[in-house]
file model_9.pdb (PDB, C-alpha atoms, pLDDT in the B column)
ATOM      1  CA  MET U   1      25.534 198.759 220.078  1.00 42.00           C
ATOM      2  CA  SER U   2      22.981 197.175 222.384  1.00 46.00           C
ATOM      3  CA  SER U   3      24.243 195.661 225.601  1.00 45.00           C
ATOM      4  CA  VAL U   4      21.773 192.822 225.032  1.00 45.00           C
ATOM      5  CA  ASP U   5      23.091 189.697 223.341  1.00 44.00           C
ATOM      6  CA  ALA U   6      20.883 189.285 220.263  1.00 38.00           C
ATOM      7  CA  ASN U   7      21.177 185.514 220.571  1.00 38.00           C
ATOM      8  CA  LYS U   8      19.681 185.649 224.075  1.00 38.00           C
ATOM      9  CA  SER U   9      17.185 188.471 223.580  1.00 35.00           C
ATOM     10  CA  PRO U  10      13.475 187.793 223.630  1.00 41.00           C
ATOM     11  CA  LYS U  11      11.989 187.484 220.185  1.00 45.00           C
ATOM     12  CA  GLY U  12      10.397 190.697 218.979  1.00 43.00           C
ATOM     13  CA  MET U  13       7.492 189.039 217.326  1.00 46.00           C
ATOM     14  CA  MET U  14       4.779 187.273 219.198  1.00 49.00           C
ATOM     15  CA  PRO U  15       4.050 183.932 217.533  1.00 50.00           C
ATOM     16  CA  SER U  16       2.072 184.270 214.349  1.00 48.00           C
ATOM     17  CA  PRO U  17      -1.629 183.584 214.753  1.00 47.00           C
ATOM     18  CA  LEU U  18      -1.431 181.493 211.590  1.00 44.00           C
ATOM     19  CA  LYS U  19       0.490 178.241 211.712  1.00 47.00           C
ATOM     20  CA  ASP U  20       3.612 178.135 209.531  1.00 50.00           C
ATOM     21  CA  GLU U  21       3.066 181.491 207.884  1.00 49.00           C
ATOM     22  CA  PRO U  22       3.623 185.080 208.946  1.00 46.00           C
ATOM     23  CA  TRP U  23       0.647 187.310 209.503  1.00 46.00           C
ATOM     24  CA  PRO U  24      -0.661 189.736 208.439  1.00 43.00           C
ATOM     25  CA  ARG U  25       1.902 190.028 205.623  1.00 51.00           C
ATOM     26  CA  SER U  26       5.115 191.559 206.850  1.00 67.00           C
ATOM     27  CA  GLU U  27       7.174 192.149 209.990  1.00 72.00           C
ATOM     28  CA  GLN U  28       6.061 195.779 209.944  1.00 73.00           C
ATOM     29  CA  GLU U  29       2.375 194.894 209.792  1.00 72.00           C
ATOM     30  CA  GLU U  30       2.828 192.260 212.497  1.00 72.00           C
ATOM     31  CA  LEU U  31       4.580 194.829 214.696  1.00 77.00           C
ATOM     32  CA  GLU U  32       1.745 197.287 214.047  1.00 79.00           C
ATOM     33  CA  LEU U  33      -0.790 194.657 215.122  1.00 77.00           C
ATOM     34  CA  GLN U  34       1.185 193.930 218.284  1.00 78.00           C
ATOM     35  CA  LEU U  35       1.438 197.623 219.160  1.00 82.00           C
ATOM     36  CA  PHE U  36      -2.294 198.007 218.471  1.00 83.00           C
ATOM     37  CA  LEU U  37      -3.130 195.079 220.783  1.00 83.00           C
ATOM     38  CA  LEU U  38      -0.765 196.345 223.498  1.00 84.00           C
ATOM     39  CA  ARG U  39      -2.446 199.769 223.424  1.00 87.00           C
ATOM     40  CA  ASP U  40      -5.815 198.073 223.630  1.00 85.00           C
ATOM     41  CA  LEU U  41      -4.670 196.077 226.661  1.00 82.00           C
ATOM     42  CA  PHE U  42      -3.268 199.214 228.307  1.00 85.00           C
ATOM     43  CA  LEU U  43      -6.604 200.986 227.863  1.00 84.00           C
ATOM     44  CA  GLN U  44      -8.273 198.108 229.711  1.00 81.00           C
ATOM     45  CA  ASP U  45      -5.811 198.345 232.625  1.00 77.00           C
ATOM     46  CA  SER U  46      -4.006 201.664 232.796  1.00 81.00           C
ATOM     47  CA  THR U  47      -2.765 201.149 236.357  1.00 79.00           C
ATOM     48  CA  SER U  48       0.581 199.820 235.103  1.00 82.00           C
ATOM     49  CA  ALA U  49       3.146 201.025 232.601  1.00 87.00           C
ATOM     50  CA  TYR U  50       3.881 197.409 231.696  1.00 87.00           C
ATOM     51  CA  TYR U  51       2.240 197.490 228.260  1.00 88.00           C
ATOM     52  CA  ALA U  52       4.073 200.707 227.360  1.00 90.00           C
ATOM     53  CA  LEU U  53       7.370 199.148 228.417  1.00 90.00           C
ATOM     54  CA  GLU U  54       6.451 196.050 226.393  1.00 87.00           C
ATOM     55  CA  VAL U  55       6.063 198.297 223.330  1.00 88.00           C
ATOM     56  CA  THR U  56       9.662 199.426 223.637  1.00 89.00           C
ATOM     57  CA  LEU U  57      10.792 195.816 224.027  1.00 86.00           C
ATOM     58  CA  ARG U  58       8.877 194.726 220.902  1.00 83.00           C
ATOM     59  CA  ILE U  59      10.389 197.516 218.822  1.00 86.00           C
ATOM     60  CA  ALA U  60      13.944 196.925 220.080  1.00 85.00           C
ATOM     61  CA  ALA U  61      13.679 193.139 219.781  1.00 80.00           C
ATOM     62  CA  LEU U  62      12.654 193.474 216.143  1.00 80.00           C
ATOM     63  CA  PHE U  63      16.112 194.945 215.454  1.00 83.00           C
ATOM     64  CA  TRP U  64      17.851 192.498 217.803  1.00 82.00           C
ATOM     65  CA  ASP U  65      16.204 189.565 216.024  1.00 77.00           C
ATOM     66  CA  ARG U  66      17.698 190.845 212.770  1.00 79.00           C
ATOM     67  CA  GLY U  67      21.116 191.213 214.408  1.00 86.00           C
ATOM     68  CA  GLN U  68      20.972 195.003 213.963  1.00 87.00           C
ATOM     69  CA  ASP U  69      21.644 197.908 216.263  1.00 89.00           C
ATOM     70  CA  LEU U  70      18.752 200.233 216.902  1.00 89.00           C
ATOM     71  CA  PRO U  71      18.914 203.402 214.839  1.00 91.00           C
ATOM     72  CA  ASP U  72      19.268 206.710 216.674  1.00 92.00           C
ATOM     73  CA  ASN U  73      15.740 207.715 215.727  1.00 91.00           C
ATOM     74  CA  ILE U  74      12.837 205.289 215.796  1.00 89.00           C
ATOM     75  CA  LEU U  75       9.098 205.749 215.929  1.00 88.00           C
ATOM     76  CA  VAL U  76       7.498 204.823 219.231  1.00 90.00           C
ATOM     77  CA  PRO U  77       3.761 205.297 219.778  1.00 91.00           C
ATOM     78  CA  GLY U  78       3.063 208.525 221.632  1.00 91.00           C
ATOM     79  CA  TRP U  79       0.817 206.834 224.196  1.00 92.00           C
ATOM     80  CA  ALA U  80       3.717 204.582 225.257  1.00 92.00           C
ATOM     81  CA  VAL U  81       6.111 207.526 225.621  1.00 93.00           C
ATOM     82  CA  ASP U  82       3.471 209.382 227.653  1.00 92.00           C
ATOM     83  CA  VAL U  83       2.948 206.448 230.033  1.00 91.00           C
ATOM     84  CA  ILE U  84       6.675 205.826 230.520  1.00 91.00           C
ATOM     85  CA  ALA U  85       7.356 209.541 231.058  1.00 92.00           C
ATOM     86  CA  ALA U  86       4.530 209.747 233.631  1.00 90.00           C
ATOM     87  CA  GLY U  87       6.002 206.758 235.508  1.00 88.00           C
ATOM     88  CA  LEU U  88       9.435 208.366 235.559  1.00 90.00           C
ATOM     89  CA  ALA U  89       7.966 211.695 236.686  1.00 90.00           C
ATOM     90  CA  LYS U  90       6.180 209.895 239.558  1.00 87.00           C
ATOM     91  CA  TYR U  91       9.398 208.112 240.519  1.00 88.00           C
ATOM     92  CA  LYS U  92      11.311 211.409 240.579  1.00 89.00           C
ATOM     93  CA  GLU U  93       8.556 213.157 242.534  1.00 89.00           C
ATOM     94  CA  ASP U  94       8.466 210.337 245.091  1.00 86.00           C
ATOM     95  CA  TYR U  95      12.241 210.663 245.487  1.00 85.00           C
ATOM     96  CA  ARG U  96      12.080 214.445 245.892  1.00 88.00           C
ATOM     97  CA  THR U  97       9.336 214.232 248.537  1.00 88.00           C
ATOM     98  CA  GLY U  98      11.189 211.572 250.498  1.00 84.00           C
ATOM     99  CA  GLU U  99       8.829 208.708 249.729  1.00 81.00           C
ATOM    100  CA  SER U 100      10.655 205.450 249.332  1.00 68.00           C
ATOM    101  CA  ALA U 101       8.818 204.266 246.248  1.00 75.00           C
ATOM    102  CA  SER U 102      10.739 201.847 244.114  1.00 81.00           C
ATOM    103  CA  PHE U 103      11.095 202.233 240.391  1.00 81.00           C
ATOM    104  CA  GLY U 104       8.789 199.255 239.864  1.00 82.00           C
ATOM    105  CA  LYS U 105       6.135 200.652 242.183  1.00 81.00           C
ATOM    106  CA  SER U 106       6.215 204.038 240.447  1.00 82.00           C
ATOM    107  CA  PHE U 107       5.631 202.299 237.120  1.00 82.00           C
ATOM    108  CA  GLY U 108       2.984 200.006 238.578  1.00 80.00           C
ATOM    109  CA  VAL U 109       4.832 196.841 237.595  1.00 80.00           C
ATOM    110  CA  GLU U 110       5.549 195.365 241.037  1.00 78.00           C
ATOM    111  CA  ALA U 111       3.329 192.832 242.725  1.00 71.00           C
ATOM    112  CA  LYS U 112       0.683 194.388 244.916  1.00 69.00           C
ATOM    113  CA  GLY U 113       0.795 193.105 248.472  1.00 63.00           C
ATOM    114  CA  ARG U 114       2.248 189.869 249.722  1.00 65.00           C
ATOM    115  CA  GLY U 115       1.884 187.017 247.311  1.00 64.00           C
ATOM    116  CA  GLY U 116       0.571 189.255 244.543  1.00 70.00           C
ATOM    117  CA  GLN U 117       1.601 188.626 240.975  1.00 74.00           C
ATOM    118  CA  PRO U 118       3.842 191.192 239.295  1.00 76.00           C
ATOM    119  CA  ALA U 119       2.358 193.008 236.310  1.00 75.00           C
ATOM    120  CA  VAL U 120       4.435 190.877 233.933  1.00 79.00           C
ATOM    121  CA  ALA U 121       2.592 187.683 234.941  1.00 79.00           C
ATOM    122  CA  LYS U 122      -0.865 189.166 234.375  1.00 80.00           C
ATOM    123  CA  ALA U 123       0.180 190.991 231.201  1.00 80.00           C
ATOM    124  CA  ASP U 124       1.909 188.005 229.602  1.00 81.00           C
ATOM    125  CA  LYS U 125      -1.172 185.872 230.197  1.00 84.00           C
ATOM    126  CA  MET U 126      -3.439 188.538 228.719  1.00 83.00           C
ATOM    127  CA  ILE U 127      -1.182 188.964 225.664  1.00 81.00           C
ATOM    128  CA  ARG U 128      -1.141 185.182 225.179  1.00 84.00           C
ATOM    129  CA  ASP U 129      -4.923 184.972 225.533  1.00 88.00           C
ATOM    130  CA  ILE U 130      -5.590 187.762 223.032  1.00 83.00           C
ATOM    131  CA  ARG U 131      -3.172 186.191 220.522  1.00 82.00           C
ATOM    132  CA  ILE U 132      -4.947 182.846 220.926  1.00 88.00           C
ATOM    133  CA  CYS U 133      -8.296 184.514 220.349  1.00 89.00           C
ATOM    134  CA  THR U 134      -6.980 186.417 217.327  1.00 85.00           C
ATOM    135  CA  ARG U 135      -5.859 183.142 215.816  1.00 86.00           C
ATOM    136  CA  VAL U 136      -9.197 181.469 216.587  1.00 90.00           C
ATOM    137  CA  ALA U 137     -11.102 184.415 215.069  1.00 89.00           C
ATOM    138  CA  ILE U 138      -9.069 184.240 211.847  1.00 86.00           C
ATOM    139  CA  ALA U 139      -9.537 180.477 211.604  1.00 87.00           C
ATOM    140  CA  LYS U 140     -13.270 180.824 212.260  1.00 88.00           C
ATOM    141  CA  GLU U 141     -13.544 183.455 209.499  1.00 86.00           C
ATOM    142  CA  ALA U 142     -11.860 180.953 207.171  1.00 86.00           C
ATOM    143  CA  GLY U 143     -14.502 178.346 208.038  1.00 91.00           C
ATOM    144  CA  THR U 144     -12.380 176.117 210.269  1.00 91.00           C
ATOM    145  CA  LYS U 145     -14.314 174.286 212.982  1.00 94.00           C
ATOM    146  CA  LEU U 146     -13.623 175.607 216.466  1.00 93.00           C
ATOM    147  CA  ASP U 147     -12.943 172.119 217.856  1.00 93.00           C
ATOM    148  CA  ALA U 148     -10.097 171.685 215.389  1.00 93.00           C
ATOM    149  CA  VAL U 149      -8.621 175.113 216.183  1.00 91.00           C
ATOM    150  CA  PHE U 150      -8.843 174.550 219.944  1.00 94.00           C
ATOM    151  CA  THR U 151      -7.121 171.177 219.569  1.00 93.00           C
ATOM    152  CA  GLU U 152      -4.345 172.551 217.349  1.00 90.00           C
ATOM    153  CA  ILE U 153      -3.632 175.530 219.595  1.00 89.00           C
ATOM    154  CA  GLY U 154      -3.779 173.340 222.690  1.00 90.00           C
ATOM    155  CA  GLU U 155      -1.210 170.956 221.260  1.00 89.00           C
ATOM    156  CA  GLU U 156       1.116 173.762 220.159  1.00 85.00           C
ATOM    157  CA  LEU U 157       0.951 175.636 223.470  1.00 84.00           C
ATOM    158  CA  GLU U 158       0.613 172.560 225.664  1.00 87.00           C
ATOM    159  CA  LEU U 159      -2.786 173.647 226.924  1.00 90.00           C
ATOM    160  CA  ASN U 160      -5.781 171.395 227.176  1.00 91.00           C
ATOM    161  CA  TRP U 161      -8.693 171.860 224.802  1.00 92.00           C
ATOM    162  CA  LYS U 162     -10.974 173.166 227.587  1.00 94.00           C
ATOM    163  CA  THR U 163      -8.461 175.853 228.566  1.00 94.00           C
ATOM    164  CA  VAL U 164      -8.285 177.123 224.976  1.00 94.00           C
ATOM    165  CA  GLN U 165     -12.077 177.082 224.762  1.00 95.00           C
ATOM    166  CA  ASP U 166     -12.361 179.022 228.046  1.00 95.00           C
ATOM    167  CA  ILE U 167      -9.856 181.601 226.787  1.00 94.00           C
ATOM    168  CA  TRP U 168     -11.884 181.975 223.579  1.00 95.00           C
ATOM    169  CA  LEU U 169     -15.170 182.352 225.452  1.00 94.00           C
ATOM    170  CA  ALA U 170     -13.675 184.953 227.792  1.00 93.00           C
ATOM    171  CA  HIS U 171     -12.049 187.116 225.120  1.00 90.00           C
ATOM    172  CA  ALA U 172     -13.707 186.322 221.768  1.00 90.00           C
ATOM    173  CA  ASP U 173     -15.659 189.570 221.480  1.00 89.00           C
ATOM    174  CA  HIS U 174     -12.618 191.665 222.343  1.00 85.00           C
ATOM    175  CA  ALA U 175     -10.387 189.767 219.895  1.00 84.00           C
ATOM    176  CA  ARG U 176     -12.902 190.041 217.034  1.00 87.00           C
ATOM    177  CA  ASP U 177     -13.424 193.729 217.741  1.00 86.00           C
ATOM    178  CA  ALA U 178      -9.673 194.437 217.979  1.00 83.00           C
ATOM    179  CA  LEU U 179      -9.029 192.542 214.749  1.00 83.00           C
ATOM    180  CA  LYS U 180     -11.776 194.484 212.960  1.00 86.00           C
ATOM    181  CA  ARG U 181     -10.488 197.843 214.253  1.00 84.00           C
ATOM    182  CA  PHE U 182      -6.922 196.919 213.292  1.00 82.00           C
ATOM    183  CA  ARG U 183      -8.005 195.982 209.770  1.00 84.00           C
ATOM    184  CA  ASP U 184     -10.024 199.209 209.489  1.00 86.00           C
ATOM    185  CA  GLN U 185      -6.984 201.194 210.610  1.00 82.00           C
ATOM    186  CA  GLN U 186      -4.781 199.454 208.034  1.00 79.00           C
ATOM    187  CA  THR U 187      -7.349 200.155 205.290  1.00 84.00           C
ATOM    188  CA  ARG U 188      -7.451 203.857 206.240  1.00 85.00           C
ATOM    189  CA  LYS U 189      -3.624 203.999 206.158  1.00 80.00           C
ATOM    190  CA  ARG U 190      -3.581 202.608 202.622  1.00 81.00           C
ATOM    191  CA  SER U 191      -6.274 205.041 201.410  1.00 78.00           C
TER     192      SER U 191
END
call {"tool": "encode", "arguments": {"input": "model_9.pdb", "output": "structure tokens"}}
result
Amino acid sequence: MSSVDANKSPKGMMPSPLKDEPWPRSEQEELELQLFLLRDLFLQDSTSAYYALEVTLRIAALFWDRGQDLPDNILVPGWAVDVIAAGLAKYKEDYRTGESASFGKSFGVEAKGRGGQPAVAKADKMIRDIRICTRVAIAKEAGTKLDAVFTEIGEELELNWKTVQDIWLAHADHARDALKRFRDQQTRKRS
């Protein structure tokens, strides 16, 4: 039994990129998309184990959201296990050599320097931005005008239209590319 209260746990699923309907089609496919995007984000910034730790949270929270205990054996992407194991190995090595590195520093999740943001702040913003762009890309493919999508997302997330537009302009190519690669991966799995 998890020591986390399922009623207080973070939701396992990031908000659907489509309003009022799940996407792509199932919890499993949505989880696969999230894990795909988290790996993509890790490859862009591999200085922190945050995205690998986020993978474990997403998987666990999926069970918590259902009110279930985690099974003894679950599939976790190998890259995430590798990153977490490397962080733990660094922590243990720092301890053995007498360095006073904290657990968070060994995993690269603490703020760097005075006033620096912890990895969670940067990562959460990046995850939010990529999800926004994924939603915009899907709406654009469906023929929806960008102005309408920016307005809708802005209202839902309490962001102004210009902020949503700036997020789209900054990450549109990455979001479109990630969405295409994810869809290609799903097609290969079904073949």
call {"tool": "residues_around", "arguments": {"input": "model_9.pdb", "residues": "segment 86-100 of chain U", "least_positions_apart": "2", "cutoff": "12 Å", "atoms": "only C-alpha atoms", "output": "list in words"}}
result
Ser46, Thr47, Ser48, Ala49, Tyr50, Ala52, Leu53, Trp79, Ala80, Val81, Asp82, Val83, Ile84, Ser102, Phe103, Gly104, Lys105, Ser106, Phe107, Gly108 and Val109 of chain U
call {"tool": "closest_residue", "arguments": {"input": "model_9.pdb", "among": "U:Leu146, U:Glu27, U:Val136, U:Pro77", "to": "Asp65 of chain U", "atoms": "only C-alpha atoms"}}
result
U:Glu27
call {"tool": "atom_distance", "arguments": {"input": "model_9.pdb", "atom1": "atom CA of Ile127 of chain U", "atom2": "atom CA of Ala142 of chain U"}}
result
22.8 Å
call {"tool": "closest_residue", "arguments": {"input": "model_9.pdb", "among": "U:Arg128, U:Gln117, U:Glu141, U:Arg66", "to": "Leu38 of chain U", "atoms": "only C-alpha atoms"}}
result
U:Arg128
call {"tool": "atom_distance", "arguments": {"input": "model_9.pdb", "atom1": "atom CA of Ile130 of chain U", "atom2": "atom CA of His171 of chain U"}}
result
6.8 Å
call {"tool": "atom_distance", "arguments": {"input": "model_9.pdb", "atom1": "atom CA of Ala60 of chain U", "atom2": "atom CA of Glu30 of chain U"}}
result
14.2 Å
call {"tool": "resolve_selection", "arguments": {"input": "model_9.pdb", "expression": "the PyMOL selection byres ((chain U and resi 179) around 12)", "output": "number ranges by chain"}}
result
U: 17, 24, 32-34, 36-37, 40, 130-131, 133-138, 141, 172-178, 180-186
call {"tool": "resolve_selection", "arguments": {"input": "model_9.pdb", "expression": "the PyMOL selection byres ((chain U and resi 163) around 12)", "output": "PyMOL selection string"}}
result
chain U and resi 129+132-133+150-151+153-155+157-162+164-170
call {"tool": "closest_residue", "arguments": {"input": "model_9.pdb", "among": "U:Lys189, U:Leu41, U:Val55, U:Lys140", "to": "Leu75 of chain U", "atoms": "all atoms listed in the file"}}
result
U:Val55
call {"tool": "closest_residue", "arguments": {"input": "model_9.pdb", "among": "U:Leu62, U:Gly78, U:Lys145, U:Asn73", "to": "Arg39 of chain U", "atoms": "only C-alpha atoms"}}
result
U:Gly78
